[in-house]
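As provided, final_34.cif (mmCIF, C-alpha atoms and all ligand atoms) reads as follows.
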data_protein
loop_
_atom_site.label_atom_id
_atom_site.label_comp_id
_atom_site.auth_asym_id
_atom_site.auth_seq_id
_atom_site.Cartn_x
_atom_site.Cartn_y
_atom_site.Cartn_z
CA MET A 295 123.46 116.76 83.46
CA GLN A 296 122.66 113.07 83.51
CA ILE A 297 120.99 110.84 86.10
CA ARG A 298 122.23 107.29 86.53
CA HIS A 299 122.13 104.62 89.20
CA PHE A 300 124.50 105.09 92.12
CA THR A 301 127.08 102.32 92.45
CA PRO A 302 129.46 101.43 95.29
CA GLU A 303 132.31 102.78 93.14
CA ASP A 304 130.79 106.25 93.59
CA TYR A 305 131.45 106.11 97.32
CA ASP A 306 134.57 108.26 97.67
CA GLU A 307 133.27 111.07 95.47
CA ALA A 308 129.82 110.94 97.03
CA TYR A 309 131.22 110.94 100.56
CA ALA A 310 133.23 114.07 99.76
CA LEU A 311 129.96 115.72 98.65
CA TRP A 312 128.08 114.54 101.76
CA GLU A 313 130.85 115.90 104.02
CA LYS A 314 130.39 119.34 102.46
CA THR A 315 126.58 119.22 102.63
CA PRO A 316 124.74 120.48 105.72
CA GLY A 317 122.15 118.18 107.28
CA MET A 318 123.69 114.87 106.18
CA ASN A 319 124.06 113.64 109.79
CA LEU A 320 126.84 111.26 108.76
CA GLY A 321 127.51 110.10 112.32
CA SER A 322 124.07 108.59 112.86
CA LEU A 323 124.38 105.41 110.78
CA ASN A 324 127.10 103.30 109.21
CA ASN A 325 128.33 105.55 106.42
CA THR A 326 131.53 103.62 105.73
CA TYR A 327 132.09 102.17 102.27
CA ALA A 328 130.76 98.84 103.55
CA GLY A 329 127.63 100.49 104.98
CA ILE A 330 126.78 102.37 101.79
CA LYS A 331 127.65 99.39 99.58
CA SER A 332 125.20 97.35 101.63
CA VAL A 333 122.42 99.89 101.04
CA VAL A 334 123.15 99.97 97.30
CA ASP A 335 123.49 96.19 97.01
CA HIS A 336 120.09 95.74 98.69
CA ASN A 337 118.43 98.52 96.67
CA PRO A 338 120.29 98.77 93.35
CA THR A 339 117.37 100.32 91.45
CA LEU A 340 116.57 102.88 94.16
CA CYS A 341 119.90 104.71 94.42
CA PHE A 342 120.80 107.49 91.97
CA ALA A 343 123.53 110.00 91.21
CA ALA A 344 123.35 113.19 89.17
CA ILE A 345 126.42 113.68 87.00
CA ASP A 346 127.58 116.90 85.37
CA ASN A 347 128.98 117.18 81.86
CA ASP A 348 132.52 116.55 83.14
CA GLY A 349 131.44 113.30 84.80
CA ALA A 350 131.50 114.67 88.35
CA ILE A 351 128.85 113.69 90.89
CA ILE A 352 126.76 116.75 91.71
CA GLY A 353 123.86 115.04 93.48
CA THR A 354 122.89 111.84 95.22
CA ILE A 355 119.88 110.08 96.65
CA LEU A 356 119.72 106.65 98.22
CA GLY A 357 116.39 104.86 98.48
CA GLY A 358 115.86 101.79 100.60
CA THR A 359 112.96 99.52 101.41
CA ASP A 360 112.03 96.73 103.78
CA GLY A 361 109.56 95.53 101.14
CA ARG A 362 106.66 97.50 102.61
CA LYS A 363 107.80 101.04 103.29
CA GLY A 364 110.37 103.16 101.46
CA TYR A 365 113.02 105.40 102.98
CA LEU A 366 115.10 108.19 101.50
CA TYR A 367 118.68 108.88 102.55
CA HIS A 368 121.52 111.19 101.52
CA THR A 369 119.58 113.61 99.33
CA ALA A 370 122.36 116.06 98.55
CA ILE A 371 122.97 118.51 95.75
CA ALA A 372 126.35 120.19 95.43
CA ASP A 373 126.51 123.85 96.30
CA GLY A 374 126.44 125.76 93.02
CA HIS A 375 124.02 123.29 91.46
CA ARG A 376 121.11 123.84 93.83
CA GLY A 377 117.88 125.45 92.70
CA GLN A 378 117.99 123.81 89.25
CA HIS A 379 115.47 121.08 90.09
CA ILE A 380 118.19 118.42 90.19
CA GLY A 381 117.08 117.40 93.69
CA THR A 382 113.46 117.11 92.56
CA THR A 383 114.49 115.08 89.52
CA LEU A 384 116.42 112.62 91.70
CA ILE A 385 113.53 112.34 94.14
CA HIS A 386 111.00 111.71 91.37
CA LYS A 387 113.25 108.95 90.00
CA VAL A 388 113.25 107.16 93.35
CA LEU A 389 109.54 107.73 93.96
CA ALA A 390 108.73 106.30 90.51
CA GLU A 391 110.77 103.21 91.30
CA PHE A 392 109.04 102.80 94.68
CA LYS A 393 105.71 103.03 92.90
CA GLN A 394 106.87 100.41 90.42
CA GLN A 395 107.61 98.16 93.40
CA GLU A 396 104.12 98.93 94.80
CA ILE A 397 105.62 100.71 97.80
CA GLU A 398 103.49 103.78 98.42
CA LYS A 399 104.48 105.04 101.88
CA ILE A 400 107.82 106.84 101.77
CA GLY A 401 109.55 108.36 104.76
CA LEU A 402 112.78 110.01 105.75
CA PHE A 403 114.52 111.35 108.82
CA THR A 404 115.90 114.83 109.33
CA THR A 405 117.52 116.19 112.45
CA ASN A 406 115.45 118.72 114.39
CA ASP A 407 117.92 121.50 113.58
CA ASN A 408 117.72 120.93 109.79
CA VAL A 409 115.10 123.62 109.29
CA ASP A 410 115.97 124.15 105.61
CA GLY A 411 115.86 120.42 104.86
CA ARG A 412 112.46 120.06 106.51
CA ALA A 413 111.09 123.07 104.60
CA PHE A 414 112.29 121.48 101.36
CA TRP A 415 110.53 118.16 102.07
CA GLU A 416 107.36 119.97 103.14
CA HIS A 417 107.50 121.97 99.92
CA LEU A 418 107.45 118.65 98.06
CA GLY A 419 104.41 117.47 100.02
CA PHE A 420 106.01 115.40 102.78
CA LYS A 421 104.31 115.93 106.14
CA GLN A 422 105.95 115.85 109.54
CA ARG A 423 104.55 113.09 111.78
CA THR A 424 103.84 114.38 115.24
CA ASP A 425 102.25 111.17 116.51
CA ILE A 426 105.43 109.10 116.47
CA THR A 427 108.45 108.94 118.75
CA TYR A 428 111.39 107.24 117.11
CA LEU A 429 113.46 104.85 119.25
CA ASP A 430 116.50 102.80 118.31
CA ILE A 431 119.24 100.68 119.82
CA ASP A 432 122.86 100.19 118.81
CA LEU A 433 123.56 96.46 119.08
CA ASP A 434 127.28 97.18 118.91
CA GLN A 435 127.07 99.05 122.23
CA SER A 436 124.54 96.97 124.15
C1 LIG B 1 117.55 120.38 99.81
C2 LIG B 1 118.23 120.09 98.47
C3 LIG B 1 118.42 118.60 98.30
C4 LIG B 1 117.32 120.65 97.35
O1 LIG B 1 117.87 120.31 96.08
P1 LIG B 1 117.72 121.33 94.87
O2 LIG B 1 118.14 120.65 93.62
O3 LIG B 1 118.45 122.59 95.22
O4 LIG B 1 116.17 121.62 94.90
P2 LIG B 1 115.22 121.86 93.65
O5 LIG B 1 115.86 122.83 92.71
O6 LIG B 1 114.86 120.54 93.07
O7 LIG B 1 113.96 122.51 94.35
C5 LIG B 1 112.67 121.97 94.22
C6 LIG B 1 111.68 122.90 94.81
O8 LIG B 1 111.94 123.01 96.22
C7 LIG B 1 112.11 124.36 96.58
N1 LIG B 1 113.11 124.40 97.65
C8 LIG B 1 114.43 124.15 97.54
N2 LIG B 1 115.03 124.24 98.76
C9 LIG B 1 114.03 124.58 99.61
C10 LIG B 1 114.00 124.86 101.01
N3 LIG B 1 115.10 124.74 101.77
N4 LIG B 1 112.82 125.18 101.58
C11 LIG B 1 111.69 125.27 100.84
N5 LIG B 1 111.66 125.02 99.50
C12 LIG B 1 112.83 124.70 98.91
C13 LIG B 1 112.59 125.05 95.31
O9 LIG B 1 112.28 126.42 95.36
C14 LIG B 1 111.77 124.32 94.26
O10 LIG B 1 110.47 124.84 94.21
P3 LIG B 1 109.57 124.81 92.86
O11 LIG B 1 109.54 123.38 92.36
O12 LIG B 1 108.24 125.28 93.35
O13 LIG B 1 110.27 125.71 91.90
C15 LIG B 1 119.60 120.82 98.36
O14 LIG B 1 119.40 122.19 98.57
C16 LIG B 1 120.62 120.33 99.36
O15 LIG B 1 121.43 119.45 99.04
N6 LIG B 1 120.58 120.87 100.59
C17 LIG B 1 121.47 120.45 101.65
C18 LIG B 1 121.19 119.04 102.13
C19 LIG B 1 119.76 118.82 102.64
O16 LIG B 1 119.23 119.64 103.36
N7 LIG B 1 119.17 117.69 102.21
C20 LIG B 1 117.78 117.37 102.48
C21 LIG B 1 117.46 117.21 103.90
S1 LIG B 1 117.91 115.65 104.54
#
For the structure just supplied, provide its representation as structure tokens.
Ligand SMILES: CC(C)(COP(=O)(O)OP(=O)(O)OC[C@H]1O[C@@H](n2cnc3c(N)ncnc32)[C@H](O)[C@@H]1OP(=O)(O)O)[C@@H](O)C(=O)NCCC(=O)NCCS
Amino acid sequence: MQIRHFTPEDYDEAYALWEKTPGMNLGSLNNTYAGIKSVVDHNPTLCFAAIDNDGAIIGTILGGTDGRKGYLYHTAIADGHRGQHIGTTLIHKVLAEFKQQEIEKIGLFTTNDNVDGRAFWEHLGFKQRTDITYLDIDLDQS
């Protein structure tokens, strides 16, 4: 297994993995090629893929930042490769890069029904915020 930066060329293979992975919530943001390429182009050092010995993508994580806070997206490990600390390795790669950029507050969103996903993040030390209500607007629809 090897970890390398995620590139826009990984999109099709990664999307196929995300479609098979529970909790990805692909409908909530722009997950088209253009949308993901934009994330990667803005955050080239914060996006990673895990590759197996045959060159297939078996894990992804996309990090993004507004220059002050960091966000994690699309943490997914292929079924059959879970439980081997590949997810943790990817996360530590992104967190180390955030630290390098002096960004120390890192957040992520999970849907309320993603009980397993939340348990995983809590296991890694992330804490659920109960003092915040998240609001957004879709400028395409307003
Ligand atoms: C969640 C996910 C990314 C974890 O990746 P992984 O490579 O299987 O996890 P790791 O092997 O790195 O596990 C790291 C630690 O978390 C623990 N863990 C894994 N899944 C867990 C869960 N659902 N709840 C609690 N702890 C969990 C492991 O036991 C391990 O503990 P240890 O370090 O004390 O041994 C992977 O299972 C996955 O893709 N799930 C579906 C998508 C998802 O839910 N993504 C995250 C939410 S947005």
Draw an axis-aligned box tight on the listed atoms of region 420-423 of chain A, then pad every side by 8 Å and write out centre and edge lengths in Å to one decimal as AutoDock Vina command-line options.
--center_x 105.2 --center_y 114.5 --center_z 107.3 --size_x 17.7 --size_y 18.8 --size_z 25.0
Show which residues sit within 8 Å of region 349-361 of chain A, as a PDB file with C-alpha atoms, keeping the file's coordinate frame. Count all atoms listed in the file, and ignore same-chain residues fewer than 3 positions away.
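Okay, part.pdb is ready:
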ATOM      1  CA  PHE A 300     124.500 105.090  92.120  1.00  0.00           C
ATOM      2  CA  GLU A 307     133.270 111.070  95.470  1.00  0.00           C
ATOM      3  CA  ALA A 308     129.820 110.940  97.030  1.00  0.00           C
ATOM      4  CA  LEU A 311     129.960 115.720  98.650  1.00  0.00           C
ATOM      5  CA  VAL A 333     122.420  99.890 101.040  1.00  0.00           C
ATOM      6  CA  VAL A 334     123.150  99.970  97.300  1.00  0.00           C
ATOM      7  CA  HIS A 336     120.090  95.740  98.690  1.00  0.00           C
ATOM      8  CA  ASN A 337     118.430  98.520  96.670  1.00  0.00           C
ATOM      9  CA  LEU A 340     116.570 102.880  94.160  1.00  0.00           C
ATOM     10  CA  CYS A 341     119.900 104.710  94.420  1.00  0.00           C
ATOM     11  CA  PHE A 342     120.800 107.490  91.970  1.00  0.00           C
ATOM     12  CA  ALA A 343     123.530 110.000  91.210  1.00  0.00           C
ATOM     13  CA  ALA A 344     123.350 113.190  89.170  1.00  0.00           C
ATOM     14  CA  ILE A 345     126.420 113.680  87.000  1.00  0.00           C
ATOM     15  CA  ASP A 346     127.580 116.900  85.370  1.00  0.00           C
ATOM     16  CA  GLY A 364     110.370 103.160 101.460  1.00  0.00           C
ATOM     17  CA  TYR A 365     113.020 105.400 102.980  1.00  0.00           C
ATOM     18  CA  LEU A 366     115.100 108.190 101.500  1.00  0.00           C
ATOM     19  CA  TYR A 367     118.680 108.880 102.550  1.00  0.00           C
ATOM     20  CA  HIS A 368     121.520 111.190 101.520  1.00  0.00           C
ATOM     21  CA  THR A 369     119.580 113.610  99.330  1.00  0.00           C
ATOM     22  CA  ALA A 370     122.360 116.060  98.550  1.00  0.00           C
ATOM     23  CA  ILE A 371     122.970 118.510  95.750  1.00  0.00           C
ATOM     24  CA  ALA A 372     126.350 120.190  95.430  1.00  0.00           C
ATOM     25  CA  HIS A 375     124.020 123.290  91.460  1.00  0.00           C
ATOM     26  CA  ILE A 380     118.190 118.420  90.190  1.00  0.00           C
ATOM     27  CA  GLY A 381     117.080 117.400  93.690  1.00  0.00           C
ATOM     28  CA  LEU A 384     116.420 112.620  91.700  1.00  0.00           C
ATOM     29  CA  ILE A 385     113.530 112.340  94.140  1.00  0.00           C
ATOM     30  CA  VAL A 388     113.250 107.160  93.350  1.00  0.00           C
ATOM     31  CA  ILE A 397     105.620 100.710  97.800  1.00  0.00           C
TER      32      ILE A 397
END
So what do you get for CA of Glu396 (chain A) versus CA of Gly419 (chain A), distance-wise?
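Between CA of Glu396 (chain A) and CA of Gly419 (chain A) the gap works out to 19.3 Å.
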Can you tell me which residues sit at most 7 Å away from ligand LIG 1 (chain B), counting only C-alpha atoms and all ligand atoms, written as a PDB file with C-alpha atoms, keeping the file's coordinate frame?
ATOM      1  CA  THR A 315     126.580 119.220 102.630  1.00  0.00           C
ATOM      2  CA  PRO A 316     124.740 120.480 105.720  1.00  0.00           C
ATOM      3  CA  GLY A 317     122.150 118.180 107.280  1.00  0.00           C
ATOM      4  CA  MET A 318     123.690 114.870 106.180  1.00  0.00           C
ATOM      5  CA  HIS A 368     121.520 111.190 101.520  1.00  0.00           C
ATOM      6  CA  THR A 369     119.580 113.610  99.330  1.00  0.00           C
ATOM      7  CA  ALA A 370     122.360 116.060  98.550  1.00  0.00           C
ATOM      8  CA  ILE A 371     122.970 118.510  95.750  1.00  0.00           C
ATOM      9  CA  ALA A 372     126.350 120.190  95.430  1.00  0.00           C
ATOM     10  CA  HIS A 375     124.020 123.290  91.460  1.00  0.00           C
ATOM     11  CA  ARG A 376     121.110 123.840  93.830  1.00  0.00           C
ATOM     12  CA  GLY A 377     117.880 125.450  92.700  1.00  0.00           C
ATOM     13  CA  GLN A 378     117.990 123.810  89.250  1.00  0.00           C
ATOM     14  CA  HIS A 379     115.470 121.080  90.090  1.00  0.00           C
ATOM     15  CA  ILE A 380     118.190 118.420  90.190  1.00  0.00           C
ATOM     16  CA  GLY A 381     117.080 117.400  93.690  1.00  0.00           C
ATOM     17  CA  THR A 382     113.460 117.110  92.560  1.00  0.00           C
ATOM     18  CA  THR A 383     114.490 115.080  89.520  1.00  0.00           C
ATOM     19  CA  PHE A 403     114.520 111.350 108.820  1.00  0.00           C
ATOM     20  CA  THR A 404     115.900 114.830 109.330  1.00  0.00           C
ATOM     21  CA  ASN A 408     117.720 120.930 109.790  1.00  0.00           C
ATOM     22  CA  ASP A 410     115.970 124.150 105.610  1.00  0.00           C
ATOM     23  CA  GLY A 411     115.860 120.420 104.860  1.00  0.00           C
ATOM     24  CA  ARG A 412     112.460 120.060 106.510  1.00  0.00           C
ATOM     25  CA  ALA A 413     111.090 123.070 104.600  1.00  0.00           C
ATOM     26  CA  PHE A 414     112.290 121.480 101.360  1.00  0.00           C
ATOM     27  CA  HIS A 417     107.500 121.970  99.920  1.00  0.00           C
ATOM     28  CA  LEU A 418     107.450 118.650  98.060  1.00  0.00           C
TER      29      LEU A 418
END
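At a cut-off of 10 Å from (133.0, 106.6, 99.1), the residue set is A:Thr301, A:Pro302, A:Glu303, A:Asp304, A:Tyr305, A:Asp306, A:Glu307, A:Ala308, A:Tyr309, A:Ala310, A:Leu311, A:Trp312, A:Asn325, A:Thr326, A:Tyr327, A:Ala328, A:Ile330, A:Lys331 (counting only C-alpha atoms).
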Residues of the last selection are to be written out with C-alpha atoms, as a short mmCIF file (atom, residue, chain, number, x, y, z; two decimals), keeping the file's coordinate frame.
data_model
loop_
_atom_site.label_atom_id
_atom_site.label_comp_id
_atom_site.auth_asym_id
_atom_site.auth_seq_id
_atom_site.Cartn_x
_atom_site.Cartn_y
_atom_site.Cartn_z
CA THR A 301 127.08 102.32 92.45
CA PRO A 302 129.46 101.43 95.29
CA GLU A 303 132.31 102.78 93.14
CA ASP A 304 130.79 106.25 93.59
CA TYR A 305 131.45 106.11 97.32
CA ASP A 306 134.57 108.26 97.67
CA GLU A 307 133.27 111.07 95.47
CA ALA A 308 129.82 110.94 97.03
CA TYR A 309 131.22 110.94 100.56
CA ALA A 310 133.23 114.07 99.76
CA LEU A 311 129.96 115.72 98.65
CA TRP A 312 128.08 114.54 101.76
CA ASN A 325 128.33 105.55 106.42
CA THR A 326 131.53 103.62 105.73
CA TYR A 327 132.09 102.17 102.27
CA ALA A 328 130.76 98.84 103.55
CA ILE A 330 126.78 102.37 101.79
CA LYS A 331 127.65 99.39 99.58
#
Quick one: pull the distance between CA of Trp415 (chain A) and CA of Asp432 (chain A), Å, one decimal.
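Straight-line distance from CA of Trp415 (chain A) to CA of Asp432 (chain A) works out to 27.5 Å.
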CA of Val409 (chain A) to CA of Lys387 (chain A), straight-line distance in Å:
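One can read the CA of Lys387 (chain A) to CA of Val409 (chain A) distance as 24.3 Å.
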What residues have an atom no more than 10 Å from (104.8, 105.9, 102.2) in the file's own frame, counting all atoms listed in the file, and can you write them as a ChimeraX atom specification?
/A:362-365,389,392-393,397-402,420
Measuring between only C-alpha atoms, which one of A:Asn347, A:Asn324, A:Lys314, A:Ser332 shows the shortest distance to Gln296 (chain A)?
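Among the listed residues, the smallest separation from Gln296 (chain A) belongs to A:Asn347.
Compared by their closest atoms to Arg298 (chain A), and using all atoms listed in the file, the residues A:Glu416, A:Gln435, A:Thr339, A:Asp348 rank with A:Thr339 nearest.
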For a quick check of understanding, using all atoms listed in the file, which of A:Tyr428, A:Pro338, A:Gly321, A:Asp373 has the smallest distance to Glu391 (chain A)?
A:Pro338
